[in-house]
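One file, protein_33.cif, carrying mmCIF, C-alpha atoms and all ligand atoms:
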data_work
#
loop_
_atom_site.label_atom_id
_atom_site.label_comp_id
_atom_site.auth_asym_id
_atom_site.auth_seq_id
_atom_site.Cartn_x
_atom_site.Cartn_y
_atom_site.Cartn_z
CA MET W 154 -16.37 -3.54 -44.68
CA GLU W 155 -16.52 -7.20 -45.37
CA THR W 156 -18.95 -10.04 -44.98
CA ILE W 157 -18.58 -12.42 -42.11
CA HIS W 158 -20.64 -15.28 -40.76
CA THR W 159 -22.82 -14.12 -37.93
CA SER W 160 -21.56 -17.08 -35.89
CA ASP W 161 -17.97 -15.89 -36.43
CA ALA W 162 -18.87 -12.38 -35.39
CA ARG W 163 -20.56 -13.74 -32.28
CA ALA W 164 -17.61 -15.97 -31.48
CA LEU W 165 -15.28 -13.01 -31.82
CA ALA W 166 -17.45 -10.82 -29.59
CA LEU W 167 -17.59 -13.57 -26.98
CA LEU W 168 -13.83 -14.02 -27.19
CA GLN W 169 -13.41 -10.32 -26.52
CA LYS W 170 -15.69 -10.58 -23.49
CA ARG W 171 -13.57 -13.47 -22.20
CA ASP W 172 -10.36 -11.56 -22.82
CA THR W 173 -11.67 -8.43 -21.09
CA ALA W 174 -12.67 -10.54 -18.08
CA ILE W 175 -9.30 -12.34 -18.08
CA ASP W 176 -7.42 -9.01 -18.29
CA ALA W 177 -9.42 -7.66 -15.33
CA MET W 178 -8.72 -10.83 -13.33
CA ALA W 179 -5.02 -10.69 -14.20
CA ALA W 180 -4.89 -7.04 -13.08
CA ARG W 181 -6.53 -7.99 -9.79
CA ALA W 182 -4.07 -10.86 -9.35
CA ALA W 183 -1.15 -8.53 -10.08
CA ALA W 184 -2.43 -6.04 -7.49
CA VAL W 185 -2.26 -8.59 -4.66
CA PRO W 186 1.54 -8.64 -4.10
CA LYS W 187 1.50 -4.83 -4.17
CA LYS W 188 -1.19 -4.73 -1.47
CA ILE W 189 0.79 -7.21 0.64
CA ALA W 190 3.91 -5.08 0.23
CA GLU W 191 1.97 -1.97 1.31
CA LEU W 192 0.74 -3.76 4.44
CA ASN W 193 4.29 -4.81 5.23
CA ALA W 194 5.61 -1.29 4.72
CA ALA W 195 2.97 0.15 7.07
CA PHE W 196 3.90 -2.46 9.64
CA GLU W 197 7.63 -1.76 9.29
CA ALA W 198 6.96 1.97 9.75
CA LYS W 199 5.04 1.24 12.95
CA LYS W 200 7.84 -1.01 14.16
CA ALA W 201 10.31 1.81 13.54
CA SER W 202 8.23 4.12 15.74
CA MET W 203 8.22 1.35 18.34
CA SER W 204 12.00 1.27 18.47
CA ALA W 205 12.10 5.07 18.56
CA ALA W 206 9.82 5.07 21.62
CA ARG W 207 11.93 2.36 23.26
CA GLU W 208 15.14 4.26 22.56
CA ALA W 209 13.67 7.45 24.03
CA LEU W 210 12.76 5.56 27.21
CA LEU W 211 16.19 3.93 27.48
CA ALA W 212 17.93 7.27 26.94
CA LEU W 213 15.94 8.84 29.80
CA GLN W 214 16.68 5.86 32.07
CA SER W 215 20.38 6.09 31.35
CA LYS W 216 20.31 9.84 31.97
CA LYS W 217 18.67 9.17 35.34
CA LYS W 218 21.29 6.55 36.21
CA ASP W 219 24.00 9.03 35.29
CA SER W 220 22.45 11.74 37.50
CA GLU W 221 22.21 9.28 40.39
CA LEU W 222 25.90 8.46 40.04
CA ARG W 223 26.73 12.13 40.10
CA ILE W 224 24.54 12.60 43.20
CA ALA W 225 26.47 9.79 44.89
CA GLU W 226 29.72 11.49 43.90
CA ALA W 227 28.52 14.81 45.31
CA GLU W 228 27.53 13.07 48.55
CA GLU W 229 30.92 11.41 48.72
CA GLY W 230 32.54 14.82 48.18
CA ILE W 231 30.47 16.35 50.94
CA ARG W 232 31.38 13.56 53.40
CA LYS W 233 35.06 13.79 52.47
CA HIS W 234 35.16 17.56 52.95
CA GLN W 235 33.28 17.27 56.26
CA ARG W 236 35.91 14.80 57.50
CA GLU W 237 38.64 17.21 56.37
CA LEU W 238 36.91 20.06 58.22
CA ASN W 239 37.78 18.34 61.50
CA LEU W 240 41.44 18.14 60.58
CA VAL W 241 42.22 21.63 59.29
CA LYS W 242 43.65 24.27 61.60
CA ASP W 243 43.94 27.06 59.09
CA ASN W 244 40.99 29.44 58.87
CA ASN W 245 41.28 30.01 55.10
CA ALA W 246 41.47 26.31 54.39
CA PHE W 247 38.43 25.83 56.65
CA LYS W 248 36.48 28.46 54.68
CA ALA W 249 37.56 26.94 51.40
CA LEU W 250 36.30 23.54 52.54
CA LEU W 251 32.98 25.03 53.62
CA ALA W 252 32.66 26.62 50.18
CA GLU W 253 33.41 23.25 48.57
CA ILE W 254 30.74 21.63 50.69
CA GLU W 255 28.20 24.29 49.74
CA HIS W 256 29.11 23.86 46.11
CA ASP W 257 28.61 20.09 46.31
CA LYS W 258 25.29 20.53 48.11
CA ALA W 259 24.02 22.94 45.47
CA ALA W 260 25.14 20.55 42.73
CA LYS W 261 23.42 17.67 44.52
CA ASP W 262 20.15 19.68 44.89
CA GLU W 263 20.18 20.53 41.22
CA LEU W 264 20.81 16.91 40.25
CA GLU W 265 18.01 15.71 42.54
CA THR W 266 15.59 18.17 40.95
CA GLY W 267 16.71 16.87 37.58
CA VAL W 268 16.09 13.29 38.68
CA LEU W 269 12.53 14.16 39.75
CA GLU W 270 11.90 15.69 36.33
CA LEU W 271 13.45 12.66 34.68
CA LEU W 272 11.19 10.34 36.69
CA GLU W 273 8.17 12.17 35.35
CA MET W 274 9.50 11.99 31.80
CA ILE W 275 10.27 8.29 32.24
CA ASP W 276 6.69 7.66 33.34
CA LYS W 277 5.38 9.36 30.22
CA ALA W 278 7.92 7.65 27.98
CA SER W 279 7.09 4.24 29.35
CA VAL W 280 3.38 4.85 28.77
CA ALA W 281 4.19 5.86 25.18
CA ASP W 282 6.42 2.81 24.85
CA ARG W 283 3.68 0.45 26.02
CA THR W 284 1.08 2.16 23.81
CA VAL W 285 3.15 1.89 20.68
CA GLN W 286 4.02 -1.72 21.50
CA ALA W 287 0.34 -2.57 21.86
CA GLU W 288 -0.36 -0.80 18.56
CA VAL W 289 2.38 -2.74 16.82
CA LYS W 290 0.98 -5.99 18.19
CA SER W 291 -2.55 -5.17 17.01
CA ILE W 292 -1.32 -4.00 13.61
CA GLU W 293 0.68 -7.19 13.32
CA THR W 294 -2.42 -9.28 14.00
CA ILE W 295 -4.47 -7.30 11.49
CA MET W 296 -1.67 -7.43 8.94
CA LYS W 297 -1.26 -11.18 9.28
CA GLY W 298 -5.01 -11.68 8.89
CA GLU W 299 -5.21 -9.42 5.85
CA THR W 300 -2.13 -10.97 4.28
CA ALA W 301 -3.55 -14.46 4.77
CA SER W 302 -6.86 -13.48 3.20
CA LEU W 303 -5.09 -11.71 0.32
CA GLU W 304 -2.97 -14.79 -0.28
CA ALA W 305 -6.06 -16.99 -0.21
CA SER W 306 -7.88 -14.75 -2.67
CA ALA W 307 -4.77 -14.66 -4.88
CA ALA W 308 -4.73 -18.46 -4.95
CA ALA W 309 -8.44 -18.58 -5.79
CA LEU W 310 -7.93 -15.93 -8.45
CA ALA W 311 -5.01 -17.85 -9.96
CA ALA W 312 -7.16 -20.98 -10.24
CA GLU W 313 -10.02 -18.98 -11.75
CA LEU W 314 -7.61 -17.35 -14.17
CA ALA W 315 -6.13 -20.68 -15.24
CA GLU W 316 -9.59 -22.04 -15.92
CA ALA W 317 -10.65 -18.91 -17.81
CA ARG W 318 -7.50 -19.07 -19.92
CA ALA W 319 -8.08 -22.73 -20.76
CA ASN W 320 -11.68 -21.97 -21.78
CA ARG W 321 -10.46 -19.02 -23.78
CA ALA W 322 -7.99 -21.18 -25.66
CA THR W 323 -10.77 -23.61 -26.58
CA ALA W 324 -13.01 -20.75 -27.74
CA ALA W 325 -10.18 -19.16 -29.74
CA ALA W 326 -9.42 -22.47 -31.47
CA ALA W 327 -12.93 -22.45 -32.93
CA ILE W 328 -12.35 -19.12 -34.71
CA ALA W 329 -10.93 -18.89 -38.24
CA PRO W 330 -7.15 -18.36 -37.91
CA ASP W 331 -6.94 -15.26 -40.12
CA LEU W 332 -9.80 -13.61 -38.24
CA LEU W 333 -8.20 -14.50 -34.93
CA GLU W 334 -4.88 -13.13 -36.11
CA ARG W 335 -6.49 -9.79 -36.99
CA TYR W 336 -8.26 -9.75 -33.67
CA GLU W 337 -5.00 -10.38 -31.78
CA ALA W 338 -3.15 -7.72 -33.79
CA ILE W 339 -5.76 -5.05 -33.03
CA ARG W 340 -6.02 -6.18 -29.41
CA SER W 341 -2.30 -5.84 -28.82
CA SER W 342 -2.19 -2.33 -30.30
CA ARG W 343 -5.45 -1.09 -28.68
CA SER W 344 -5.03 -1.74 -24.94
CA GLY W 345 -6.58 -5.19 -25.05
CA LEU W 346 -9.79 -4.14 -26.81
CA ALA W 347 -10.01 -5.35 -30.42
CA LEU W 348 -13.74 -5.59 -30.69
CA ALA W 349 -15.77 -2.78 -29.22
CA ALA W 350 -19.48 -2.86 -28.52
CA VAL W 351 -21.22 0.16 -30.00
CA HIS W 352 -23.15 2.41 -27.61
CA GLU W 353 -26.51 3.71 -28.61
CA GLU W 354 -27.42 7.10 -27.15
CA PRO W 355 -30.85 6.67 -25.56
CA VAL W 356 -32.14 10.13 -26.54
CA SER W 357 -30.54 10.92 -29.89
CA GLY W 358 -30.27 7.31 -31.06
CA LYS W 359 -26.77 8.08 -32.27
CA PHE W 360 -24.05 5.44 -32.14
CA SER W 361 -20.61 5.79 -30.66
CA CYS W 362 -17.63 3.46 -30.54
CA GLY W 363 -17.30 1.65 -27.20
CA GLY W 364 -13.52 1.77 -27.54
CA CYS W 365 -12.75 5.42 -28.32
CA HIS W 366 -16.24 6.91 -27.67
CA MET W 367 -16.27 8.80 -30.96
CA GLY W 368 -19.58 9.10 -32.80
CA LEU W 369 -20.08 6.83 -35.80
CA PRO W 370 -20.91 8.25 -39.25
CA PRO W 371 -24.33 7.27 -40.74
CA GLN W 372 -22.92 4.57 -43.05
CA LYS W 373 -21.18 2.85 -40.11
CA MET W 374 -24.46 2.97 -38.20
CA VAL W 375 -26.07 1.07 -41.06
CA ASP W 376 -23.19 -1.44 -41.36
CA VAL W 377 -23.01 -2.23 -37.70
CA LYS W 378 -26.68 -3.22 -37.68
CA LYS W 379 -25.93 -6.07 -40.11
CA ALA W 380 -25.06 -9.25 -38.30
CA ASP W 381 -23.06 -10.58 -41.24
CA THR W 382 -20.90 -7.51 -41.71
CA LEU W 383 -17.60 -6.92 -40.06
CA THR W 384 -16.94 -3.25 -39.78
CA PHE W 385 -14.58 -1.05 -37.87
CA CYS W 386 -14.47 2.31 -36.13
CA PRO W 387 -13.06 4.99 -38.47
CA ASP W 388 -11.33 6.68 -35.52
CA CYS W 389 -9.61 3.93 -33.54
CA ARG W 390 -9.81 1.16 -36.19
CA ARG W 391 -11.23 -1.31 -33.71
CA LEU W 392 -13.77 -3.83 -34.96
CA ILE W 393 -17.21 -2.78 -33.80
CA TYR W 394 -20.49 -4.59 -33.25
CA LEU W 395 -23.93 -3.92 -31.91
CA GLU W 396 -24.85 -6.10 -28.96
CA LYS W 397 -28.53 -6.44 -29.94
CA THR W 398 -27.68 -7.28 -33.53
CA LEU W 399 -25.36 -10.13 -32.58
CA PHE W 400 -27.06 -11.37 -29.44
CA GLY W 401 -30.62 -10.03 -29.67
CA ALA W 402 -32.23 -7.55 -27.29
ZN ZN T 501 -13.35 3.80 -31.96
#

Go through the file and emit its structure as structure tokens.
Ligand SMILES: [Zn+2]
Amino acid sequence: METIHTSDARALALLQKRDTAIDAMAARAAAVPKKIAELNAAFEAKKASMSAAREALLALQSKKKDSELRIAEAEEGIRKHQRELNLVKDNNAFKALLAEIEHDKAAKDELETGVLELLEMIDKASVADRTVQAEVKSIETIMKGETASLEASAAALAAELAEARANRATAAAAIAPDLLERYEAIRSSRSGLALAAVHEEPVSGKFSCGGCHMGLPPQKMVDVKKADTLTFCPDCRRLIYLEKTLFGA
């Protein structure tokens, strides 16, 4: 416990409020590139599903083309064997040709059935392809809009932050150097909070540290009510103050 000018204590408490606000702003500013990256990743994932849908459609179309070629081949085979039928004299050769023709016809029927099935699948695949393309387009529009607004808010935040930091520097310059040094040392070892406002329990009237939330012993409760006394939390060693003592109710 030591004596301090009330104005110094107030200045220190105000500096902590500025620093807390600056830290929150800086965290928000740091979150922006992450959000933009997340938007991009979601868009890339959607684009990947777009190419998958397109590839599925192309694969079906090429399968259909392949079946059609094989149908043409079977038809060619049938025509060729029918021409040969007219030339053969031998009964066995004739029968063999007929069997070949039947075989080609069966193959052709099967291929044609397959093509009909493929046509149906192609219809479905092209609907899916168009759907996913439309989705990608709409996601792209949304993503671009969100990215632009995020970038705009990041720019505004950066300007706000620069101003807040400049004001903070002015405020810090008005504080006694040794006091400021202590403040900075505690702040860097206590997650940015050097000076914690004490909470008063509405029912019990007991005080707790706003930094570590531990209850304060009776003597600390007395000390913290004095505007000209700098005291600290026995648990987390942060400087503590009572808002109404320093700034009135
Ligand atoms: Zn504490």

Selection within 9 Å of ligand ZN 501 (chain T) by only C-alpha atoms and all ligand atoms, output as a VMD selection string: chain W and resid 349 351 361 to 369 385 to 393

Record the distance separating CA of Ala174 (chain W) and CA of Ile339 (chain W), expressed in Å with one decimal.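 Those two atoms sit 17.4 Å apart.
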
If you measure from CA of Ala205 (chain W) to CA of Asn193 (chain W), what distance in Å do you get, rounded to one decimal?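 According to the coordinates, CA of Ala205 (chain W) and CA of Asn193 (chain W) are separated by 18.3 Å.
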
Using all atoms listed in the file and a cutoff of 8 Å, can you tell me which residues are near (12.9, 10.4, 28.8) in the file's coordinates, and write them out as a PyMOL selection string? chain W and resi 209-214+271+274-275+277-278

Please produce a file of those selected residues containing C-alpha atoms, as a compact mmCIF listing (two decimals), keeping the file's coordinate frame.
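Here's the written file out.txt:
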# COMPACT_ATOMS: atom_id res chain seq x y z
CA ALA W 209 13.67 7.45 24.03
CA LEU W 210 12.76 5.56 27.21
CA LEU W 211 16.19 3.93 27.48
CA ALA W 212 17.93 7.27 26.94
CA LEU W 213 15.94 8.84 29.80
CA GLN W 214 16.68 5.86 32.07
CA LEU W 271 13.45 12.66 34.68
CA MET W 274 9.50 11.99 31.80
CA ILE W 275 10.27 8.29 32.24
CA LYS W 277 5.38 9.36 30.22
CA ALA W 278 7.92 7.65 27.98

Proximity to Leu168 (chain W) - best of W:Glu353, W:Thr398, W:Phe360, W:Leu346, all atoms listed in the file: W:Leu346

Straight-line distance linking CA of Lys261 (chain W) with CA of Ala246 (chain W), stated in Å to one decimal: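 Rounded to one decimal, the two atoms are 22.3 Å apart.
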
Taking all atoms of region 301-309 of chain W that the file lists, what box with edges along x, y and z, padded by 5 Å per side, do you get, with centre and edge lengths in Å to one decimal, as JSON?
{"center_x": -5.7, "center_y": -15.1, "center_z": -0.5, "size_x": 15.5, "size_y": 16.9, "size_z": 20.6}

Between W:Arg223, W:His352, W:Lys373, W:Arg335, which has the minimum distance to Glu263 (chain W) (counting all atoms listed in the file)? W:Arg223

What lies within 10 Å of Glu293 (chain W) using all atoms listed in the file, ignoring chain neighbours under 2 positions off, as a list in words?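 Residues meeting the cut-off are Leu192, Asn193, Ala195, Phe196, Glu197, Lys199, Lys200, Ala287, Glu288, Val289, Lys290, Ser291, Ile295, Met296, Lys297, Gly298 and Glu299 of chain W.
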
Of W:Met374, W:Val285, W:Leu238, W:Leu348, the one sitting nearest Leu167 (chain W) when using all atoms listed in the file is W:Leu348

Go through W:Ala319, W:Leu264, W:Leu250, W:Leu399 and flag the residue nearest Glu226 (chain W), using only C-alpha atoms for the distances. W:Leu264

Using all atoms listed in the file, which of the listed residues (W:Leu240, W:Ala252, W:Ala347, W:Ala311) sits closest to Leu332 (chain W)?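 Counting all atoms listed in the file, the residue closest to Leu332 (chain W) is W:Ala347.
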
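With all atoms listed in the file as the atoms that count, the minimum distance from Ile292 (chain W) to the choices W:Ala182, W:Ala350, W:Ile328, W:Ala198 is reached by W:Ala198.
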
If we count all atoms listed in the file, what is near Leu383 (chain W) at a cut-off of 9 Å, once residues fewer than 3 positions away on the same chain are taken out, given as a ChimeraX atom specification? /W:154-158,162,376-377,379-380,392-394

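Near Leu333 (chain W), within 9 Å and counting only C-alpha atoms, sit Leu165, Ala325 and Ala326 of chain W; same-chain residues fewer than 6 positions away were not included.
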
Hey, what's within 9 Å of Leu303 (chain W) if we count only C-alpha atoms and toss same-chain stuff fewer than 2 positions away? As a ChimeraX atom specification, please? /W:185-186,188-189,298-301,305-308

Restricting the output to C-alpha atoms, write the selected residues as a compact mmCIF listing (two decimals), in the coordinates of the input.
# COMPACT_ATOMS: atom_id res chain seq x y z
CA VAL W 185 -2.26 -8.59 -4.66
CA PRO W 186 1.54 -8.64 -4.10
CA LYS W 188 -1.19 -4.73 -1.47
CA ILE W 189 0.79 -7.21 0.64
CA GLY W 298 -5.01 -11.68 8.89
CA GLU W 299 -5.21 -9.42 5.85
CA THR W 300 -2.13 -10.97 4.28
CA ALA W 301 -3.55 -14.46 4.77
CA ALA W 305 -6.06 -16.99 -0.21
CA SER W 306 -7.88 -14.75 -2.67
CA ALA W 307 -4.77 -14.66 -4.88
CA ALA W 308 -4.73 -18.46 -4.95
